Amino acid sequence: MYERIKAMIFKEMHQVSRDRGTLAMMFLMPVIQLLIFGYAINNDPRHLPLAVEANDNSAFTRTIVSALRNTTYFEVEEIVRSPGQGERLIEEGKVQFVVTIPPDFSRDLVRGQRPQLLVTADATDPSATGNAISAIGEAVNSGLRHDLIGPLGQGPPQSAPVDIVIHRNYNPEGITAYNIVPGVLAIILSMSMVLVTSLAVTREVEQGTMENLLATPLRPFEVMVGKIVPYFIIGIVQMFVALAAAALLFHVPFTGPILLMVLSTLIFIAVSLALGFTISTMADNQLQAMYVSVFYMIPSILLSGFAFPFRGMPLWAQWLAEILPMTHFLRLVRGIMLKGWNLSLALPEMGVLLLMLLVLTVVAVRRYQDTIA
Amino acid sequence: MSDGPAIDVRGLTKIFSGRTVVDNVDLKIPEGQICGFLGPNGSGKTTTLRLICGLLIPDGGEGEVLGLDLLRDRHRIKEQIGYMTQKFGLFGDLTIRENLEFIARVYGLDRRGERVDAALERLGLETRSDQLAGKLSGGWKQRLALAACVLHEPRILLLDEPTAGVDPQARREFWDQIHQLAREGMTVLVSTHYMDEAERCHEIAYIAYGVMLVRGTADEVVAQSGLHALSGEGKGADRLAAEIEGLPGVEMAVPFGTTLHVCGTDPDKLRAAVEPWKERFRWREAEPTLEDVFIHMMRNAHDNSVIERP
Ligand SMILES: Nc1ncnc2c1ncn2[C@@H]1O[C@H](COP(=O)(O)OP(=O)(O)O)[C@@H](O)[C@H]1O
Ligand SMILES: [Mg+2]
């Protein structure tokens, strides 16, 4: 009996050792993922982009900026001078925080009148903002206290020279569901769309029906479209179910135009289908196709900004995330649902998705020939 | 165009990762003829059929199929060819009717319902048309596959081992149908391992390890082989096979019931070889069979299917 089992094991090992693709994936996938996630995930993100809106042109601005820098929580990307400009930077997603210095800040400060300092945070992703916000008050106050002891000082300063006012935009209560629900929609869609279509072609090849299909006048593009359309419909149904759940169960506010939301989702579904089909034309068998799909899914979930704060990841991981369709879709969903994006604000992210769709379609059509082997 | 041969390919060559699987094959089949395509497993029959119906692009060679250029008009050729794959190629998870309707749609046929109904009736499957194709037995699957690939009334039929694993009765019916189609003008190229099927073809083409070794009618093929045969009759003659086969001049010794069939290329050596058993058994001249000829040819062909490793 043991001999038979041993023979069986050897046989399997031989078979696997000849399936190079699967073998490579079996060994490389866990390694690559360990590397990616080991370094990428950060629950206490630092170097978050911040803008200072200085409506009061004084030396204290520099003190505040360097105090913020010293926390290492912030990267001061821009110092703007006109009112309302900071707000715009947040809306466009260029920065995550804006510190607004009011017009009479230095006068009030020197007089010891405890001026207000307004901190605006993009709280769509609540986990990204928590620690950083609490660091602001401490840093700014101790920095300014130091300044006030100098020539401008008038005796010992009060315990806190400025009053920090925190303003969480878009998700004032920091409700996690607002962030999760759009993310889950993205995951459901890519899961089913990519995985199912990735098996589409390989299954036919494995079952021997592809040869029959290709011997008919069917053209590759026709086969491709024919396989994609049913899943496209499934994707649309999934979208409506998820949106209904978002609205009815989680009371996610739909601040942007719903039509824009639907349009973005349709584009994302198309990208996922094209990706699945491309995988399908490259895999030798269904198992390989499955592996590749999963290999795509995991970073999509973890790096797109769904599971962990996007800005908390090192730059290379952020760049990696930029090539994942889900990253862009997630920004679109959050932007439209929570920030009330209109078409012009959504256009850049939609453009990226459309570009991906184009590239993937070209690759898939070129890879999928009307000949076998 | 209608006078020319239905299939006329010259120097057809296909190389898979450095190995020549189809090597300079010429094939010419007049319209309405049934050509049997024989050869050992892995000799390139399937590959040749795929080259002819445009599923593979040849690495060398040229030709016309129904007057259309093999390399340039692949799409138009596909429309007029019916190709029955070696492995059941219809969808097991569709019903019989759905499969036929799918094919009818793919070829853009008019009167779809009518054609499908007619096909079902010919098959005798009207009552089972809603059964899943995957649930059919081997013989029925084969019949359905044939029905599907003649649904669009192609002018050429390529059949890849269509009767493998099918019972004799079903095979007989299948071949009757092939002859009927040929009478109506269809050209048929059919690969097979069965000698009785080879004998039912107008012409035979034998390919071994990618090389076309012989073409012609069954009689011509036997005559060309230069093989001679003797058959020995008598009690226990069949037991002699192993003993005789090693002798000089004897290429094969095959027992058939109580008779022993021996053959070789040199008639004198062959007679000399059976000399010691002259008394015990009655020997007489026999016709070499197609099988003898094919085995003889296969043994002499160079087997390149096993890649030499350093
Ligand atoms: N797509 C392919 N890629 C690589 N080798 C192939 C491919 N198809 C067939 N072959 C090889 O070509 C040879 C001929 O195969 P085939 O035409 O199927 O032979 P037959 O049908 O006569 O049994 C075999 O050795 C087979 O392994
Ligand atoms: Mg074959």
# chains A, B, ... in the order shown; residues from 1 in each chain; ligands from 1
>>> interface_residues(of="chain A", to="chain B", cutoff="6 Å", atoms="only C-alpha atoms", output="list in words")
Gly208, Thr209, Asn212, Thr216, Pro217, Thr371 and Ile372 of chain A
>>> write_last_selection(atoms="N, CA, C and O atoms", output="PDB file, in the first residue's frame")
ATOM      1  N   GLY A 208     -11.948  20.923 -25.034  1.00  0.00           N
ATOM      2  CA  GLY A 208     -11.864  20.564 -26.443  1.00  0.00           C
ATOM      3  C   GLY A 208     -12.915  21.232 -27.302  1.00  0.00           C
ATOM      4  O   GLY A 208     -13.042  20.935 -28.487  1.00  0.00           O
ATOM      5  N   THR A 209     -13.698  22.115 -26.715  1.00  0.00           N
ATOM      6  CA  THR A 209     -14.734  22.759 -27.510  1.00  0.00           C
ATOM      7  C   THR A 209     -14.181  23.957 -28.280  1.00  0.00           C
ATOM      8  O   THR A 209     -14.788  24.397 -29.247  1.00  0.00           O
ATOM      9  N   ASN A 212     -13.550  23.260 -31.936  1.00  0.00           N
ATOM     10  CA  ASN A 212     -14.784  23.277 -32.706  1.00  0.00           C
ATOM     11  C   ASN A 212     -15.230  24.700 -33.007  1.00  0.00           C
ATOM     12  O   ASN A 212     -15.638  25.022 -34.128  1.00  0.00           O
ATOM     13  N   THR A 216     -15.337  26.957 -36.944  1.00  0.00           N
ATOM     14  CA  THR A 216     -16.495  27.614 -37.547  1.00  0.00           C
ATOM     15  C   THR A 216     -16.080  29.020 -37.982  1.00  0.00           C
ATOM     16  O   THR A 216     -14.978  29.452 -37.680  1.00  0.00           O
ATOM     17  N   PRO A 217     -16.946  29.691 -38.664  1.00  0.00           N
ATOM     18  CA  PRO A 217     -16.550  31.038 -39.101  1.00  0.00           C
ATOM     19  C   PRO A 217     -16.457  32.058 -37.968  1.00  0.00           C
ATOM     20  O   PRO A 217     -16.170  33.216 -38.224  1.00  0.00           O
ATOM     21  N   THR A 371      -6.552  30.578 -34.370  1.00  0.00           N
ATOM     22  CA  THR A 371      -5.886  29.305 -34.621  1.00  0.00           C
ATOM     23  C   THR A 371      -5.605  28.688 -33.265  1.00  0.00           C
ATOM     24  O   THR A 371      -5.601  29.370 -32.258  1.00  0.00           O
ATOM     25  N   ILE A 372      -5.374  27.401 -33.268  1.00  0.00           N
ATOM     26  CA  ILE A 372      -5.011  26.784 -32.011  1.00  0.00           C
ATOM     27  C   ILE A 372      -3.504  26.629 -31.989  1.00  0.00           C
ATOM     28  O   ILE A 372      -2.874  26.478 -33.021  1.00  0.00           O
TER      29      ILE A 372
END
>>> residues_near_ligand(ligand="ligand 2", cutoff="12 Å", atoms="only C-alpha atoms and all ligand atoms", output="PyMOL selection string")
chain B and resi 21+37-50+84-87+159-162+164+190-193+207+210
>>> residues_around(residues="Met298 of chain B", least_positions_apart="3", cutoff="9 Å", atoms="only C-alpha atoms", output="PyMOL selection string")
chain B and resi 39-40+207-209+293-295+301-303
>>> write_last_selection(atoms="C-alpha atoms", output="mmCIF file, in the first residue's frame")
data_model
loop_
_atom_site.group_PDB
_atom_site.id
_atom_site.type_symbol
_atom_site.label_atom_id
_atom_site.label_comp_id
_atom_site.auth_asym_id
_atom_site.auth_seq_id
_atom_site.Cartn_x
_atom_site.Cartn_y
_atom_site.Cartn_z
ATOM 1 C CA GLY B 39 -1.026 6.372 -39.671
ATOM 2 C CA PRO B 40 0.182 5.516 -36.189
ATOM 3 C CA ILE B 207 1.346 9.080 -42.995
ATOM 4 C CA ALA B 208 4.022 8.074 -40.478
ATOM 5 C CA TYR B 209 5.888 10.526 -38.282
ATOM 6 C CA VAL B 293 1.462 -3.131 -45.248
ATOM 7 C CA PHE B 294 0.941 -0.395 -42.682
ATOM 8 C CA ILE B 295 2.891 -2.141 -39.971
ATOM 9 C CA ALA B 301 9.743 4.864 -41.040
ATOM 10 C CA HIS B 302 11.998 6.928 -38.866
ATOM 11 C CA ASP B 303 10.359 7.660 -35.570
#
>>> residues_around(residues="Glu203 of chain B", least_positions_apart="2", cutoff="9 Å", atoms="only C-alpha atoms", output="PDB file with N, CA, C and O atoms, in the first residue's frame")
ATOM      1  N   ILE B  29      -7.303  15.595 -53.379  1.00  0.00           N
ATOM      2  CA  ILE B  29      -8.523  14.787 -53.325  1.00  0.00           C
ATOM      3  C   ILE B  29      -9.564  15.377 -54.265  1.00  0.00           C
ATOM      4  O   ILE B  29      -9.974  16.529 -54.102  1.00  0.00           O
ATOM      5  N   GLN B  33     -14.871  12.449 -53.471  1.00  0.00           N
ATOM      6  CA  GLN B  33     -14.102  11.272 -53.117  1.00  0.00           C
ATOM      7  C   GLN B  33     -13.996  11.133 -51.601  1.00  0.00           C
ATOM      8  O   GLN B  33     -14.011  12.129 -50.872  1.00  0.00           O
ATOM      9  N   ILE B  34     -13.861   9.904 -51.141  1.00  0.00           N
ATOM     10  CA  ILE B  34     -13.603   9.663 -49.728  1.00  0.00           C
ATOM     11  C   ILE B  34     -12.163   9.207 -49.607  1.00  0.00           C
ATOM     12  O   ILE B  34     -11.767   8.209 -50.197  1.00  0.00           O
ATOM     13  N   CYS B  35     -11.386   9.986 -48.871  1.00  0.00           N
ATOM     14  CA  CYS B  35      -9.982   9.628 -48.694  1.00  0.00           C
ATOM     15  C   CYS B  35      -9.753   9.216 -47.256  1.00  0.00           C
ATOM     16  O   CYS B  35     -10.092   9.944 -46.323  1.00  0.00           O
ATOM     17  N   GLY B  36      -9.217   8.028 -47.066  1.00  0.00           N
ATOM     18  CA  GLY B  36      -8.918   7.542 -45.722  1.00  0.00           C
ATOM     19  C   GLY B  36      -7.524   7.973 -45.332  1.00  0.00           C
ATOM     20  O   GLY B  36      -6.583   7.867 -46.109  1.00  0.00           O
ATOM     21  N   PHE B  37      -7.413   8.467 -44.108  1.00  0.00           N
ATOM     22  CA  PHE B  37      -6.146   9.027 -43.657  1.00  0.00           C
ATOM     23  C   PHE B  37      -5.652   8.139 -42.517  1.00  0.00           C
ATOM     24  O   PHE B  37      -6.251   8.093 -41.453  1.00  0.00           O
ATOM     25  N   ALA B 198     -10.706   1.701 -43.771  1.00  0.00           N
ATOM     26  CA  ALA B 198      -9.765   2.106 -44.818  1.00  0.00           C
ATOM     27  C   ALA B 198     -10.191   1.507 -46.144  1.00  0.00           C
ATOM     28  O   ALA B 198     -10.130   2.148 -47.195  1.00  0.00           O
ATOM     29  N   GLU B 199     -10.652   0.260 -46.073  1.00  0.00           N
ATOM     30  CA  GLU B 199     -11.051  -0.411 -47.313  1.00  0.00           C
ATOM     31  C   GLU B 199     -12.317   0.169 -47.920  1.00  0.00           C
ATOM     32  O   GLU B 199     -12.603  -0.040 -49.090  1.00  0.00           O
ATOM     33  N   ARG B 200     -13.079   0.886 -47.118  1.00  0.00           N
ATOM     34  CA  ARG B 200     -14.304   1.496 -47.660  1.00  0.00           C
ATOM     35  C   ARG B 200     -14.030   2.856 -48.299  1.00  0.00           C
ATOM     36  O   ARG B 200     -14.948   3.498 -48.807  1.00  0.00           O
ATOM     37  N   CYS B 201     -12.785   3.295 -48.245  1.00  0.00           N
ATOM     38  CA  CYS B 201     -12.460   4.599 -48.835  1.00  0.00           C
ATOM     39  C   CYS B 201     -12.087   4.443 -50.302  1.00  0.00           C
ATOM     40  O   CYS B 201     -11.595   3.405 -50.729  1.00  0.00           O
ATOM     41  N   ALA B 205      -4.443   7.415 -47.761  1.00  0.00           N
ATOM     42  CA  ALA B 205      -3.169   8.129 -47.603  1.00  0.00           C
ATOM     43  C   ALA B 205      -2.585   7.667 -46.282  1.00  0.00           C
ATOM     44  O   ALA B 205      -3.260   7.687 -45.253  1.00  0.00           O
ATOM     45  N   ARG B 215       0.128   6.678 -51.135  1.00  0.00           N
ATOM     46  CA  ARG B 215      -1.225   7.098 -51.455  1.00  0.00           C
ATOM     47  C   ARG B 215      -1.752   6.234 -52.581  1.00  0.00           C
ATOM     48  O   ARG B 215      -0.992   5.804 -53.434  1.00  0.00           O
ATOM     49  N   GLY B 216      -3.031   5.984 -52.584  1.00  0.00           N
ATOM     50  CA  GLY B 216      -3.621   5.201 -53.668  1.00  0.00           C
ATOM     51  C   GLY B 216      -4.808   4.408 -53.167  1.00  0.00           C
ATOM     52  O   GLY B 216      -5.200   4.535 -52.009  1.00  0.00           O
ATOM     53  N   THR B 217      -5.356   3.571 -54.046  1.00  0.00           N
ATOM     54  CA  THR B 217      -6.452   2.712 -53.611  1.00  0.00           C
ATOM     55  C   THR B 217      -5.866   1.616 -52.738  1.00  0.00           C
ATOM     56  O   THR B 217      -4.653   1.397 -52.725  1.00  0.00           O
ATOM     57  N   ALA B 218      -6.720   0.905 -52.046  1.00  0.00           N
ATOM     58  CA  ALA B 218      -6.243  -0.143 -51.147  1.00  0.00           C
ATOM     59  C   ALA B 218      -5.384  -1.155 -51.911  1.00  0.00           C
ATOM     60  O   ALA B 218      -4.311  -1.548 -51.446  1.00  0.00           O
TER      61      ALA B 218
END
>>> residues_around(residues="Asp167 of chain B", least_positions_apart="5", cutoff="12 Å", atoms="only C-alpha atoms", output="PyMOL selection string")
chain B and resi 137-140+142+162+172-174
>>> select_by_dssp(residues="segment 79-247 of chain B", states="strand (DSSP E)", output="PyMOL selection string")
chain B and resi 81-84+156-160+187-191+203-208+211-216+228-233
>>> residues_around(residues="Glu243 of chain B", least_positions_apart="6", cutoff="12 Å", atoms="only C-alpha atoms", output="MDAnalysis selection string")
chainID B and resid 237 250 252:255 260 262 273:274 276:277
>>> select_by_dssp(residues="segment 206-282 of chain B", states="alpha helix (DSSP H)", output="NGL selection string")
:B and (218-224 or 241-245 or 267-274)
>>> residues_around(residues="Lys227 of chain A", least_positions_apart="4", cutoff="10 Å", atoms="only C-alpha atoms", output="ChimeraX atom specification")
/A:197,200-201,221-223,231-232,273,277
>>> write_last_selection(atoms="N, CA, C and O atoms", output="short mmCIF file (atom, residue, chain, number, x, y, z; two decimals), in the first residue's frame")
data_model
loop_
_atom_site.label_atom_id
_atom_site.label_comp_id
_atom_site.auth_asym_id
_atom_site.auth_seq_id
_atom_site.Cartn_x
_atom_site.Cartn_y
_atom_site.Cartn_z
N THR A 197 -14.37 35.33 -16.02
CA THR A 197 -13.93 35.41 -17.42
C THR A 197 -12.55 34.80 -17.61
O THR A 197 -12.23 34.35 -18.70
N ALA A 200 -12.94 31.52 -18.83
CA ALA A 200 -13.78 31.33 -20.01
C ALA A 200 -13.07 30.62 -21.15
O ALA A 200 -13.57 29.62 -21.68
N VAL A 201 -11.93 31.12 -21.53
CA VAL A 201 -11.25 30.55 -22.69
C VAL A 201 -10.53 29.26 -22.32
O VAL A 201 -10.62 28.27 -23.04
N PHE A 221 -12.82 38.01 -32.03
CA PHE A 221 -13.47 39.13 -31.35
C PHE A 221 -14.92 38.79 -31.01
O PHE A 221 -15.42 39.17 -29.96
N GLU A 222 -15.54 38.02 -31.89
CA GLU A 222 -16.94 37.63 -31.65
C GLU A 222 -17.03 36.68 -30.46
O GLU A 222 -17.93 36.80 -29.62
N VAL A 223 -16.12 35.77 -30.44
CA VAL A 223 -16.11 34.84 -29.30
C VAL A 223 -15.92 35.63 -28.01
O VAL A 223 -16.61 35.41 -27.02
N TYR A 231 -21.57 38.26 -18.64
CA TYR A 231 -20.98 38.67 -17.37
C TYR A 231 -21.14 40.16 -17.13
O TYR A 231 -21.20 40.61 -16.00
N PHE A 232 -21.19 40.89 -18.20
CA PHE A 232 -21.41 42.33 -18.08
C PHE A 232 -22.77 42.57 -17.43
O PHE A 232 -22.92 43.41 -16.54
N LEU A 273 -13.61 42.69 -16.91
CA LEU A 273 -13.88 41.63 -17.87
C LEU A 273 -12.73 41.51 -18.87
O LEU A 273 -12.29 40.41 -19.19
N PHE A 277 -10.40 38.23 -19.42
CA PHE A 277 -10.25 37.60 -20.73
C PHE A 277 -8.78 37.52 -21.12
O PHE A 277 -8.32 36.52 -21.68
#
